[in-house]
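Before any comments, here is the structure.
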Amino acid sequence: MLYLMYGIFAPNLRFLGTTNVTSNNSNRRPRPEHPSPVRHGFIPEEWFTFFYPKTGVTGPYVFGGALSTYLISKEIYVLEHEFYSGLSLAAVLIVLVKKLGPSVAAYLDKGIDEYEKGWESSRTEQIKDLETAVEHEKKEQWRTDGQKMIMEIKKENIHMQLEAAYRERLSHVYQEVKKRLDYQVHLQDIERKLAQKHMATWIVDNVKKSFTPEQEQIVLNRCISDLQSLVQKA
Amino acid sequence: MGFGDYPKEYNPSVHGPYDPARYYGPQDTKFFDLKLGEVGAWFGRRQKTPQALAGAISRCWWRWQHNYVHPKRTGIAPFFQLAVGGMVFFYVLNYNRLKHHKNYKYH
């Protein structure tokens with residue numbers, strides 16, 4: 001029944017749909033553990049304590065007694081048949097509440113404790129799950145950070161490759177230049193050799209050409225005499 | 001202020017979540033703290049529109065709910081309170097018929 005009434009008087013849920021809902025719990029009314037104190041089963045305690053400063057502790061009872069005496073005496077409250085049936089009903093109810101009240105209360109308290117524990121455990125479970133998810137996500141991020149390292153290494157690798165290619169080309173250029181210079185050196189060598197050879201043969205030819213037969217004869221004779229002297233010495 | 005609206009004085013950024021049992025307007029002396037002579041002036045200061053009356057009844061209902069129905073380990077008190085309230089309400093409603101059951105002619 002209470003839940004039905006709650007449905008009728010439920011708070012306006014429009015508020016829950018707006019972005020104004022923050023976790024500002026400071027102004028939220030806490031749900032009390034125990035109800036406000038009552039006397040005689042249902043009369044609020046404040047109605048009694050209201051009289052205390054002026055009349056003391058008997059004041060509320062004097063007021064209540066006087067009021068009911070007045071109402072009954074003037075028959076503003078008429079004691080018809082419903083009053084007596086109400087009295088007997090009240091007596092039965094009081095006996096029932098006194099007899100069954102504690103055990104029912106204990107049963108219901110146990111029920112509400114279990115109910116709350118169920119919600120609480122599901123809540124903590126969910127928080128734990130989310131925390132592990134966050135942890136997992138952080139670990140994944142940490143792992144993804146490794147990709148950066150791999151990327152760096154790859155970049156370095158490419159730089160090294162570029163450097164190697166550069167050096168290879170540099171050495172290629174050096175080799176090519178050296179080859180050309182070597183060719184030039186070779187060429188000059190050959191030219192010089194040719195010139196030398198040519199000059200030598202030219203000189204020799206000219207010298208040979210300048211010899212007369214008499215001179216040749218003289219040299220030949222001289223040679224033969226030299227040889228003879230050599231033979232005698234040996 | 002139409003149906004389903006919050007009171008004009010309610011400001012979510014100041015007051016936080018809406019509490020249907022709370023009066024968000026300017027605070028006056030509590031009725032129970034009044035002296036007898038101040039009661040007239042106190043009623044003079046009250047708004048007397050139907051909306052204000054409905055608001056007062058609504059707040060009263062929610063205060064009762066918070067005090068007696070919603071607590072975790074509430075007892076049987078709210079049921080008795082509803083029953084007694086209903087008894088008084090229907091007695092007043094039926095008074096014109098019940099008064100013919102009077103037992104005495106002169107009081």
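Going by the structure tokens order, chains are called A, B, ..., each with residues numbered from 1, while ligands are numbered from 1 in the order shown.
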DSSP alpha helix (DSSP H) selection over range 19-211 of chain A, as JSON, numbers by chain: {"A": [45, 46, 47, 48, 49, 52, 53, 54, 55, 59, 60, 61, 62, 63, 64, 65, 66, 67, 68, 69, 70, 71, 72, 73, 81, 82, 83, 84, 85, 86, 87, 88, 89, 90, 91, 92, 93, 94, 95, 96, 97, 98, 99, 100, 101, 102, 103, 104, 105, 106, 107, 108, 109, 110, 111, 112, 113, 114, 115, 116, 117, 118, 119, 120, 121, 122, 123, 124, 125, 126, 127, 128, 129, 130, 131, 132, 133, 134, 135, 136, 137, 138, 139, 140, 141, 142, 143, 144, 145, 146, 147, 148, 149, 150, 151, 152, 153, 154, 155, 156, 157, 158, 159, 160, 161, 162, 163, 164, 165, 166, 167, 168, 169, 170, 171, 172, 173, 174, 175, 176, 177, 178, 179, 180, 181, 182, 183, 184, 185, 186, 187, 188, 189, 190, 191, 192, 193, 194, 195, 196, 197, 198, 199, 200, 201, 202, 203, 204, 205, 206, 207, 208, 209, 210]}
Grab the residues selected above and save them as a short mmCIF file (atom, residue, chain, number, x, y, z; two decimals), in the first residue's frame with C-alpha atoms.
```cif
data_model
loop_
_atom_site.label_atom_id
_atom_site.label_comp_id
_atom_site.auth_asym_id
_atom_site.auth_seq_id
_atom_site.Cartn_x
_atom_site.Cartn_y
_atom_site.Cartn_z
CA GLU A 45 6.29 12.84 20.89
CA GLU A 46 6.47 16.54 19.90
CA TRP A 47 2.81 16.97 20.73
CA PHE A 48 3.64 16.06 24.32
CA THR A 49 6.89 17.96 24.67
CA TYR A 52 6.32 20.78 28.82
CA PRO A 53 7.70 24.34 29.18
CA LYS A 54 4.31 25.69 30.35
CA THR A 55 2.59 22.80 32.06
CA GLY A 59 -0.01 18.98 30.81
CA PRO A 60 -0.65 17.05 27.60
CA TYR A 61 -2.70 14.42 29.42
CA VAL A 62 -4.73 17.08 31.22
CA PHE A 63 -5.31 18.81 27.87
CA GLY A 64 -6.26 15.58 26.14
CA GLY A 65 -8.52 14.51 28.99
CA ALA A 66 -10.19 17.91 29.18
CA LEU A 67 -10.69 18.07 25.42
CA SER A 68 -12.22 14.61 25.20
CA THR A 69 -14.39 15.27 28.26
CA TYR A 70 -15.63 18.45 26.58
CA LEU A 71 -16.28 16.75 23.25
CA ILE A 72 -18.11 13.82 24.84
CA SER A 73 -19.97 15.89 27.42
CA HIS A 81 -22.52 2.16 18.26
CA GLU A 82 -19.44 2.72 16.08
CA PHE A 83 -17.55 4.07 19.10
CA TYR A 84 -18.02 0.83 21.04
CA SER A 85 -17.14 -1.38 18.08
CA GLY A 86 -14.09 0.84 17.64
CA LEU A 87 -13.16 0.34 21.28
CA SER A 88 -13.30 -3.46 20.96
CA LEU A 89 -11.34 -3.28 17.69
CA ALA A 90 -8.76 -1.08 19.40
CA ALA A 91 -8.46 -3.58 22.27
CA VAL A 92 -7.93 -6.46 19.85
CA LEU A 93 -5.39 -4.42 17.89
CA ILE A 94 -3.47 -3.46 21.02
CA VAL A 95 -3.26 -7.09 22.11
CA LEU A 96 -2.16 -8.15 18.61
CA VAL A 97 0.49 -5.44 18.38
CA LYS A 98 1.81 -6.26 21.85
CA LYS A 99 1.87 -10.02 21.19
CA LEU A 100 3.00 -10.17 17.55
CA GLY A 101 4.72 -6.79 17.20
CA PRO A 102 8.24 -7.75 18.33
CA SER A 103 8.48 -10.93 16.25
CA VAL A 104 7.07 -9.25 13.14
CA ALA A 105 9.43 -6.31 13.66
CA ALA A 106 12.39 -8.66 13.97
CA TYR A 107 11.36 -10.52 10.82
CA LEU A 108 10.89 -7.31 8.84
CA ASP A 109 14.17 -5.86 10.15
CA LYS A 110 15.97 -8.97 9.01
CA GLY A 111 14.27 -8.67 5.62
CA ILE A 112 15.19 -5.02 5.18
CA ASP A 113 18.77 -5.74 6.27
CA GLU A 114 19.06 -8.48 3.69
CA TYR A 115 17.49 -6.27 1.04
CA GLU A 116 19.91 -3.46 1.79
CA LYS A 117 22.83 -5.83 1.92
CA GLY A 118 21.82 -7.12 -1.52
CA TRP A 119 21.81 -3.62 -2.99
CA GLU A 120 25.00 -2.69 -1.18
CA SER A 121 26.81 -5.79 -2.35
CA SER A 122 25.70 -5.25 -5.94
CA ARG A 123 26.89 -1.66 -5.66
CA THR A 124 30.29 -2.61 -4.29
CA GLU A 125 30.54 -5.37 -6.88
CA GLN A 126 29.87 -2.86 -9.62
CA ILE A 127 32.41 -0.43 -8.18
CA LYS A 128 34.97 -3.22 -8.01
CA ASP A 129 34.21 -4.22 -11.60
CA LEU A 130 34.58 -0.65 -12.78
CA GLU A 131 37.80 -0.25 -10.85
CA THR A 132 39.26 -3.34 -12.47
CA ALA A 133 38.09 -2.03 -15.84
CA VAL A 134 39.87 1.28 -15.16
CA GLU A 135 42.98 -0.58 -14.09
CA HIS A 136 42.82 -2.70 -17.22
CA GLU A 137 42.36 0.38 -19.35
CA LYS A 138 45.35 2.03 -17.71
CA LYS A 139 47.42 -1.06 -18.34
CA GLU A 140 46.29 -1.02 -21.97
CA GLN A 141 47.34 2.61 -22.21
CA TRP A 142 50.68 1.69 -20.71
CA ARG A 143 51.00 -1.06 -23.30
CA THR A 144 50.08 1.32 -26.08
CA ASP A 145 52.86 3.59 -24.83
CA GLY A 146 55.19 0.79 -25.91
CA GLN A 147 54.03 1.46 -29.46
CA LYS A 148 55.60 4.89 -29.17
CA MET A 149 58.91 3.27 -28.31
CA ILE A 150 58.56 0.92 -31.25
CA MET A 151 57.75 3.90 -33.45
CA GLU A 152 60.88 5.68 -32.21
CA ILE A 153 62.95 2.63 -32.96
CA LYS A 154 61.45 2.39 -36.43
CA LYS A 155 62.22 6.05 -37.06
CA GLU A 156 65.78 5.53 -35.86
CA ASN A 157 66.04 2.54 -38.12
CA ILE A 158 64.94 4.61 -41.09
CA HIS A 159 67.42 7.31 -40.14
CA MET A 160 70.13 4.72 -40.01
CA GLN A 161 69.12 3.39 -43.40
CA LEU A 162 69.14 6.90 -44.80
CA GLU A 163 72.55 7.51 -43.28
CA ALA A 164 73.84 4.28 -44.75
CA ALA A 165 72.48 5.16 -48.19
CA TYR A 166 74.02 8.61 -47.90
CA ARG A 167 77.39 7.19 -46.96
CA GLU A 168 77.19 4.62 -49.71
CA ARG A 169 76.55 7.32 -52.27
CA LEU A 170 79.30 9.43 -50.80
CA SER A 171 81.75 6.58 -51.16
CA HIS A 172 80.42 5.92 -54.66
CA VAL A 173 81.09 9.53 -55.60
CA TYR A 174 84.56 9.25 -54.10
CA GLN A 175 85.25 6.06 -56.03
CA GLU A 176 84.02 7.56 -59.26
CA VAL A 177 86.07 10.73 -58.84
CA LYS A 178 89.10 8.67 -57.92
CA LYS A 179 88.58 6.50 -60.99
CA ARG A 180 88.48 9.51 -63.23
CA LEU A 181 91.52 11.05 -61.60
CA ASP A 182 93.34 7.72 -61.82
CA TYR A 183 92.46 7.61 -65.50
CA GLN A 184 93.94 11.05 -65.96
CA VAL A 185 97.10 10.01 -64.13
CA HIS A 186 97.33 6.87 -66.24
CA LEU A 187 96.75 8.83 -69.38
CA GLN A 188 99.50 11.29 -68.55
CA ASP A 189 101.84 8.43 -67.65
CA ILE A 190 101.23 6.77 -70.96
CA GLU A 191 101.61 10.00 -72.85
CA ARG A 192 104.88 10.69 -71.07
CA LYS A 193 106.13 7.17 -71.73
CA LEU A 194 105.18 7.42 -75.37
CA ALA A 195 106.90 10.79 -75.65
CA GLN A 196 110.00 9.42 -73.97
CA LYS A 197 110.07 6.37 -76.13
CA HIS A 198 109.53 8.43 -79.21
CA MET A 199 112.21 10.88 -78.25
CA ALA A 200 114.67 8.07 -77.39
CA THR A 201 114.15 6.29 -80.73
CA TRP A 202 114.36 9.64 -82.53
CA ILE A 203 117.65 10.51 -80.84
CA VAL A 204 119.04 7.04 -81.38
CA ASP A 205 117.98 7.09 -85.03
CA ASN A 206 119.48 10.50 -85.55
CA VAL A 207 122.70 9.47 -83.83
CA LYS A 208 122.85 6.31 -85.93
CA LYS A 209 122.13 8.34 -89.03
CA SER A 210 124.95 10.75 -88.16
#
```
Counting only C-alpha atoms, collect the residues of chain A whose closest atom lies at most 6 Å from chain B, and write them out as a list of chain:residue names.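 Written out as asked, the residues are A:Asn27, A:Pro32, A:Glu33, A:His34, A:Pro35, A:Ser36, A:Gly41, A:Phe42, A:Lys74, A:Val78.
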Which of range 38-112 of chain A counts as strand (DSSP E or B) under DSSP, as a ChimeraX atom specification please? /A:38-39,43-44
Hey, can you spit out that residue selection with N, CA and C atoms as an mmCIF file, in the first residue's frame?
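Done, and the output landed in part.cif:
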```cif
data_model
loop_
_atom_site.group_PDB
_atom_site.id
_atom_site.type_symbol
_atom_site.label_atom_id
_atom_site.label_comp_id
_atom_site.auth_asym_id
_atom_site.auth_seq_id
_atom_site.Cartn_x
_atom_site.Cartn_y
_atom_site.Cartn_z
ATOM 1 N N VAL A 38 7.202 8.183 19.040
ATOM 2 C CA VAL A 38 5.755 8.347 19.260
ATOM 3 C C VAL A 38 5.413 7.805 20.646
ATOM 4 N N ARG A 39 4.297 8.257 21.186
ATOM 5 C CA ARG A 39 3.809 7.707 22.458
ATOM 6 C C ARG A 39 2.509 6.970 22.189
ATOM 7 N N ILE A 43 0.983 8.577 18.731
ATOM 8 C CA ILE A 43 0.890 10.037 18.916
ATOM 9 C C ILE A 43 2.307 10.616 18.942
ATOM 10 N N PRO A 44 2.603 11.587 18.054
ATOM 11 C CA PRO A 44 3.970 12.117 17.991
ATOM 12 C C PRO A 44 4.437 12.666 19.331
#
```
If I take CA of Ile57 in chain B and CA of Lys35 in chain B, how far is one from the other in Å, to one decimal?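 Between CA of Ile57 in chain B and CA of Lys35 in chain B the gap works out to 23.5 Å.
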